file target.pdb (PDB, C-alpha atoms)
ATOM      1  CA  PRO T   1     -94.980 111.678-222.539  1.00  0.00           C
ATOM      2  CA  ARG T   2     -97.687 114.252-222.859  1.00  0.00           C
ATOM      3  CA  ILE T   3     -99.085 117.273-221.095  1.00  0.00           C
ATOM      4  CA  ARG T   4    -102.833 117.421-220.681  1.00  0.00           C
ATOM      5  CA  VAL T   5    -104.486 120.696-219.777  1.00  0.00           C
ATOM      6  CA  SER T   6    -108.158 121.375-219.265  1.00  0.00           C
ATOM      7  CA  LEU T   7    -109.404 124.809-220.263  1.00  0.00           C
ATOM      8  CA  GLY T   8    -112.677 126.427-219.380  1.00  0.00           C
ATOM      9  CA  LEU T   9    -115.007 127.721-222.061  1.00  0.00           C
ATOM     10  CA  HIS T  10    -114.344 131.286-220.950  1.00  0.00           C
ATOM     11  CA  THR T  11    -110.548 131.074-220.690  1.00  0.00           C
ATOM     12  CA  THR T  12    -109.086 134.109-222.433  1.00  0.00           C
ATOM     13  CA  LYS T  13    -105.911 134.484-224.444  1.00  0.00           C
ATOM     14  CA  ALA T  14    -104.634 136.943-221.822  1.00  0.00           C
ATOM     15  CA  GLN T  15    -105.128 134.348-219.072  1.00  0.00           C
ATOM     16  CA  LEU T  16    -103.173 131.774-221.061  1.00  0.00           C
ATOM     17  CA  GLU T  17    -100.372 134.233-221.773  1.00  0.00           C
ATOM     18  CA  TRP T  18    -100.028 135.060-218.063  1.00  0.00           C
ATOM     19  CA  ASP T  19    -100.300 131.494-216.766  1.00  0.00           C
ATOM     20  CA  TRP T  20     -97.146 129.685-215.667  1.00  0.00           C
ATOM     21  CA  LYS T  21     -98.391 126.091-215.611  1.00  0.00           C
ATOM     22  CA  MET T  22     -97.662 125.087-219.204  1.00  0.00           C
ATOM     23  CA  THR T  23     -94.084 126.338-219.022  1.00  0.00           C
ATOM     24  CA  HIS T  24     -93.578 124.532-215.706  1.00  0.00           C
ATOM     25  CA  GLU T  25     -94.888 121.297-217.195  1.00  0.00           C
ATOM     26  CA  MET T  26     -92.780 121.674-220.352  1.00  0.00           C
ATOM     27  CA  VAL T  27     -89.615 121.987-218.251  1.00  0.00           C
ATOM     28  CA  HIS T  28     -90.411 118.508-216.923  1.00  0.00           C
ATOM     29  CA  LEU T  29     -90.097 117.139-220.461  1.00  0.00           C
ATOM     30  CA  ALA T  30     -86.371 117.956-220.422  1.00  0.00           C
ATOM     31  CA  PHE T  31     -85.561 116.231-217.108  1.00  0.00           C
ATOM     32  CA  PRO T  32     -85.515 112.505-216.316  1.00  0.00           C
ATOM     33  CA  ASP T  33     -87.807 110.573-214.012  1.00  0.00           C
ATOM     34  CA  LEU T  34     -86.188 110.170-210.598  1.00  0.00           C
ATOM     35  CA  PRO T  35     -86.930 107.871-207.663  1.00  0.00           C
ATOM     36  CA  GLU T  36     -89.815 109.041-205.474  1.00  0.00           C
ATOM     37  CA  ASN T  37     -87.635 110.504-202.701  1.00  0.00           C
ATOM     38  CA  GLN T  38     -85.716 112.564-205.277  1.00  0.00           C
ATOM     39  CA  ARG T  39     -88.762 114.055-207.028  1.00  0.00           C
ATOM     40  CA  TRP T  40     -88.021 117.387-205.352  1.00  0.00           C
ATOM     41  CA  LEU T  41     -85.298 117.794-207.976  1.00  0.00           C
ATOM     42  CA  GLU T  42     -87.860 117.374-210.769  1.00  0.00           C
ATOM     43  CA  GLU T  43     -90.261 119.891-209.228  1.00  0.00           C
ATOM     44  CA  GLY T  44     -87.469 122.173-208.074  1.00  0.00           C
ATOM     45  CA  VAL T  45     -85.923 122.534-211.520  1.00  0.00           C
ATOM     46  CA  ALA T  46     -89.328 123.276-213.061  1.00  0.00           C
ATOM     47  CA  THR T  47     -90.137 125.797-210.321  1.00  0.00           C
ATOM     48  CA  TYR T  48     -86.765 127.546-210.681  1.00  0.00           C
ATOM     49  CA  VAL T  49     -86.505 127.530-214.488  1.00  0.00           C
ATOM     50  CA  GLU T  50     -90.122 128.409-215.351  1.00  0.00           C
ATOM     51  CA  PRO T  51     -90.156 132.164-214.589  1.00  0.00           C
ATOM     52  CA  PHE T  52     -86.803 132.723-216.301  1.00  0.00           C
ATOM     53  CA  ALA T  53     -87.920 130.785-219.374  1.00  0.00           C
ATOM     54  CA  ARG T  54     -91.009 132.982-219.557  1.00  0.00           C
ATOM     55  CA  SER T  55     -88.906 136.084-218.997  1.00  0.00           C
ATOM     56  CA  GLY T  56     -86.565 135.004-221.779  1.00  0.00           C
ATOM     57  CA  ILE T  57     -89.367 135.147-224.336  1.00  0.00           C
ATOM     58  CA  GLY T  58     -90.820 138.401-223.003  1.00  0.00           C
ATOM     59  CA  ALA T  59     -93.876 136.843-221.318  1.00  0.00           C
ATOM     60  CA  LEU T  60     -92.703 137.982-217.878  1.00  0.00           C
ATOM     61  CA  SER T  61     -90.410 140.825-216.862  1.00  0.00           C
ATOM     62  CA  PRO T  62     -87.082 139.893-215.273  1.00  0.00           C
ATOM     63  CA  GLN T  63     -88.127 141.904-212.217  1.00  0.00           C
ATOM     64  CA  ARG T  64     -91.306 139.854-211.833  1.00  0.00           C
ATOM     65  CA  ALA T  65     -89.404 136.590-212.361  1.00  0.00           C
ATOM     66  CA  TRP T  66     -87.059 137.469-209.513  1.00  0.00           C
ATOM     67  CA  GLN T  67     -89.885 138.805-207.351  1.00  0.00           C
ATOM     68  CA  ASP T  68     -91.707 135.479-207.691  1.00  0.00           C
ATOM     69  CA  GLN T  69     -88.528 133.647-206.662  1.00  0.00           C
ATOM     70  CA  VAL T  70     -87.951 135.913-203.661  1.00  0.00           C
ATOM     71  CA  GLU T  71     -91.548 135.434-202.520  1.00  0.00           C
ATOM     72  CA  GLY T  72     -91.537 131.666-203.102  1.00  0.00           C
ATOM     73  CA  MET T  73     -88.130 130.544-201.824  1.00  0.00           C
ATOM     74  CA  PRO T  74     -88.939 130.904-198.104  1.00  0.00           C
ATOM     75  CA  LYS T  75     -91.624 128.228-198.581  1.00  0.00           C
ATOM     76  CA  GLY T  76     -88.790 125.762-199.220  1.00  0.00           C
ATOM     77  CA  LEU T  77     -86.812 126.440-196.068  1.00  0.00           C
ATOM     78  CA  PRO T  78     -86.732 123.625-193.516  1.00  0.00           C
ATOM     79  CA  ARG T  79     -89.040 123.802-190.536  1.00  0.00           C
ATOM     80  CA  PRO T  80     -88.403 122.345-187.102  1.00  0.00           C
ATOM     81  CA  GLY T  81     -88.256 118.576-187.418  1.00  0.00           C
ATOM     82  CA  ASP T  82     -87.550 118.611-191.165  1.00  0.00           C
ATOM     83  CA  LYS T  83     -84.732 116.515-192.498  1.00  0.00           C
ATOM     84  CA  GLY T  84     -82.955 116.790-195.819  1.00  0.00           C
ATOM     85  CA  LEU T  85     -84.793 117.200-199.096  1.00  0.00           C
ATOM     86  CA  ASP T  86     -84.737 113.447-199.819  1.00  0.00           C
ATOM     87  CA  GLU T  87     -86.548 112.889-196.523  1.00  0.00           C
ATOM     88  CA  THR T  88     -89.022 115.793-196.267  1.00  0.00           C
ATOM     89  CA  PRO T  89     -91.713 115.349-198.943  1.00  0.00           C
ATOM     90  CA  THR T  90     -93.871 118.359-198.062  1.00  0.00           C
ATOM     91  CA  TRP T  91     -95.211 120.633-200.787  1.00  0.00           C
ATOM     92  CA  GLY T  92     -93.027 123.588-199.850  1.00  0.00           C
ATOM     93  CA  ARG T  93     -89.838 121.574-199.559  1.00  0.00           C
ATOM     94  CA  THR T  94     -90.568 119.634-202.759  1.00  0.00           C
ATOM     95  CA  TYR T  95     -91.198 122.638-205.011  1.00  0.00           C
ATOM     96  CA  TRP T  96     -89.471 125.557-203.320  1.00  0.00           C
ATOM     97  CA  GLY T  97     -86.761 123.617-201.485  1.00  0.00           C
ATOM     98  CA  GLY T  98     -85.885 122.144-204.851  1.00  0.00           C
ATOM     99  CA  ALA T  99     -85.922 125.585-206.458  1.00  0.00           C
ATOM    100  CA  LEU T 100     -83.643 126.846-203.700  1.00  0.00           C
ATOM    101  CA  PHE T 101     -81.235 123.995-204.480  1.00  0.00           C
ATOM    102  CA  PHE T 102     -81.088 125.096-208.122  1.00  0.00           C
ATOM    103  CA  LEU T 103     -80.664 128.767-207.218  1.00  0.00           C
ATOM    104  CA  LEU T 104     -77.730 127.910-204.953  1.00  0.00           C
ATOM    105  CA  ALA T 105     -76.272 125.694-207.675  1.00  0.00           C
ATOM    106  CA  ASP T 106     -76.677 128.385-210.339  1.00  0.00           C
ATOM    107  CA  VAL T 107     -74.930 131.001-208.197  1.00  0.00           C
ATOM    108  CA  GLU T 108     -72.082 128.606-207.341  1.00  0.00           C
ATOM    109  CA  ILE T 109     -71.616 127.539-210.971  1.00  0.00           C
ATOM    110  CA  ARG T 110     -71.460 131.175-212.062  1.00  0.00           C
ATOM    111  CA  THR T 111     -69.033 131.994-209.247  1.00  0.00           C
ATOM    112  CA  ARG T 112     -66.708 129.079-209.975  1.00  0.00           C
ATOM    113  CA  THR T 113     -66.695 129.679-213.752  1.00  0.00           C
ATOM    114  CA  GLN T 114     -66.374 133.487-213.548  1.00  0.00           C
ATOM    115  CA  ASN T 115     -69.919 133.708-214.975  1.00  0.00           C
ATOM    116  CA  LYS T 116     -68.941 131.808-218.126  1.00  0.00           C
ATOM    117  CA  LYS T 117     -71.413 129.031-217.333  1.00  0.00           C
ATOM    118  CA  GLY T 118     -74.604 128.639-215.357  1.00  0.00           C
ATOM    119  CA  LEU T 119     -77.276 126.112-214.531  1.00  0.00           C
ATOM    120  CA  ARG T 120     -78.592 126.420-218.086  1.00  0.00           C
ATOM    121  CA  ASP T 121     -75.342 124.888-219.353  1.00  0.00           C
ATOM    122  CA  ALA T 122     -75.585 121.997-216.911  1.00  0.00           C
ATOM    123  CA  LEU T 123     -79.195 121.330-217.912  1.00  0.00           C
ATOM    124  CA  ARG T 124     -78.318 121.463-221.597  1.00  0.00           C
ATOM    125  CA  GLY T 125     -75.605 118.898-220.923  1.00  0.00           C
ATOM    126  CA  THR T 126     -77.997 116.532-219.188  1.00  0.00           C
ATOM    127  CA  LEU T 127     -80.533 116.954-221.986  1.00  0.00           C
ATOM    128  CA  ALA T 128     -77.865 116.173-224.606  1.00  0.00           C
ATOM    129  CA  ALA T 129     -77.042 112.999-222.645  1.00  0.00           C
ATOM    130  CA  GLY T 130     -80.652 111.834-222.906  1.00  0.00           C
ATOM    131  CA  ALA T 131     -81.943 112.916-219.501  1.00  0.00           C
ATOM    132  CA  VAL T 132     -85.566 113.421-220.518  1.00  0.00           C
ATOM    133  CA  ILE T 133     -88.925 112.500-219.072  1.00  0.00           C
ATOM    134  CA  GLY T 134     -89.734 108.858-219.615  1.00  0.00           C
ATOM    135  CA  HIS T 135     -86.162 107.802-218.851  1.00  0.00           C
ATOM    136  CA  GLU T 136     -85.401 106.750-215.296  1.00  0.00           C
ATOM    137  CA  TRP T 137     -82.208 108.128-213.822  1.00  0.00           C
ATOM    138  CA  THR T 138     -80.961 108.692-210.295  1.00  0.00           C
ATOM    139  CA  ALA T 139     -80.216 112.119-208.893  1.00  0.00           C
ATOM    140  CA  GLU T 140     -76.559 111.161-208.648  1.00  0.00           C
ATOM    141  CA  LYS T 141     -76.401 110.317-212.354  1.00  0.00           C
ATOM    142  CA  VAL T 142     -78.170 113.420-213.656  1.00  0.00           C
ATOM    143  CA  LEU T 143     -76.160 115.730-211.394  1.00  0.00           C
ATOM    144  CA  GLU T 144     -72.868 114.029-212.308  1.00  0.00           C
ATOM    145  CA  VAL T 145     -73.639 114.524-216.008  1.00  0.00           C
ATOM    146  CA  GLY T 146     -74.569 118.147-215.300  1.00  0.00           C
ATOM    147  CA  ASP T 147     -71.310 118.751-213.433  1.00  0.00           C
ATOM    148  CA  ARG T 148     -69.282 117.103-216.180  1.00  0.00           C
ATOM    149  CA  SER T 149     -70.927 119.332-218.786  1.00  0.00           C
ATOM    150  CA  ILE T 150     -69.935 122.534-216.949  1.00  0.00           C
ATOM    151  CA  GLY T 151     -66.460 121.368-215.941  1.00  0.00           C
ATOM    152  CA  VAL T 152     -66.860 121.980-212.191  1.00  0.00           C
ATOM    153  CA  GLU T 153     -68.345 119.868-209.435  1.00  0.00           C
ATOM    154  CA  VAL T 154     -71.215 121.846-207.971  1.00  0.00           C
ATOM    155  CA  LEU T 155     -74.451 119.905-208.378  1.00  0.00           C
ATOM    156  CA  GLY T 156     -73.272 116.586-206.911  1.00  0.00           C
ATOM    157  CA  PRO T 157     -71.645 118.042-203.803  1.00  0.00           C
ATOM    158  CA  LEU T 158     -74.603 120.360-203.164  1.00  0.00           C
ATOM    159  CA  TYR T 159     -76.992 117.421-203.487  1.00  0.00           C
ATOM    160  CA  ARG T 160     -74.956 115.342-201.039  1.00  0.00           C
ATOM    161  CA  LYS T 161     -75.143 118.242-198.595  1.00  0.00           C
ATOM    162  CA  MET T 162     -78.872 118.957-198.913  1.00  0.00           C
ATOM    163  CA  ARG T 163     -80.361 115.485-199.408  1.00  0.00           C
ATOM    164  CA  ASN T 164     -80.093 114.320-195.799  1.00  0.00           C
ATOM    165  CA  GLU T 165     -79.695 117.489-193.729  1.00  0.00           C
ATOM    166  CA  PRO T 166     -82.046 120.467-193.381  1.00  0.00           C
TER     167      PRO T 166
END
call {"tool": "encode", "arguments": {"input": "target.pdb", "output": "structure tokens"}}
result
Amino acid sequence: PRIRVSLGLHTTKAQLEWDWKMTHEMVHLAFPDLPENQRWLEEGVATYVEPFARSGIGALSPQRAWQDQVEGMPKGLPRPGDKGLDETPTWGRTYWGGALFFLLADVEIRTRTQNKKGLRDALRGTLAAGAVIGHEWTAEKVLEVGDRSIGVEVLGPLYRKMRNEP
């Protein structure tokens, strides 16, 4: 796997430091390839994790990371006629509906573990199990491994709820 980026001759260091695309693409490296109708999980995790990863290294303030999420999440809400996330492959539902899934999962994991664990722990568990780009998994498998790594069932049940219903 590789990430290819084209840069203009006049791209500045400041532009590169502010840009989110490389971080988003690097998140994909630590998540498996899923079937086409489940790709919203791949894009959703990258959309959700990216601003917090950048915030964690000081490239983005926590306030801005959350502001971006608050502004983006409504783009993932279902519209009239939409179905579940497995069945509504629009841009907004794919990226921001997926991000909303991971926000809901993160909050529920933190609630059920008294804030001892979060989505980061689930993702680290899936990574340790070999769930990386270039390996084909199903959503059910990656979410089951994530749940097992945090000791509570959150990801699987939430997926079963959101995959077919708006």
call {"tool": "closest_residue", "arguments": {"input": "target.pdb", "among": "T:Ile57, T:Ala131, T:Ile3, T:Leu100", "to": "Met26 (chain T)", "atoms": "all atoms listed in the file"}}
result
T:Ile3
call {"tool": "residues_near_point", "arguments": {"input": "target.pdb", "point": "(-90.5, 122.3, -206.1)", "cutoff": "6 Å", "atoms": "only C-alpha atoms", "output": "list in words"}}
result
Trp40, Glu43, Gly44, Thr47, Thr94, Tyr95, Trp96, Gly98 and Ala99 of chain T
call {"tool": "closest_residue", "arguments": {"input": "target.pdb", "among": "T:Arg93, T:Lys161, T:Arg124, T:His10", "to": "Pro74 (chain T)", "atoms": "all atoms listed in the file"}}
result
T:Arg93
call {"tool": "atom_distance", "arguments": {"input": "target.pdb", "atom1": "CA of Phe31 (chain T)", "atom2": "CA of Gly97 (chain T)"}}
result
17.3 Å
call {"tool": "closest_residue", "arguments": {"input": "target.pdb", "among": "T:Leu34, T:Leu119, T:Leu103, T:Ile109", "to": "Lys141 (chain T)", "atoms": "all atoms listed in the file"}}
result
T:Leu34
call {"tool": "atom_distance", "arguments": {"input": "target.pdb", "atom1": "CA of Pro166 (chain T)", "atom2": "CA of Thr88 (chain T)"}}
result
8.9 Å
call {"tool": "residues_around", "arguments": {"input": "target.pdb", "residues": "Pro1 (chain T)", "least_positions_apart": "5", "cutoff": "8 Å", "atoms": "only C-alpha atoms", "output": "list in words"}}
result
Leu29, Ile133 and Gly134 of chain T
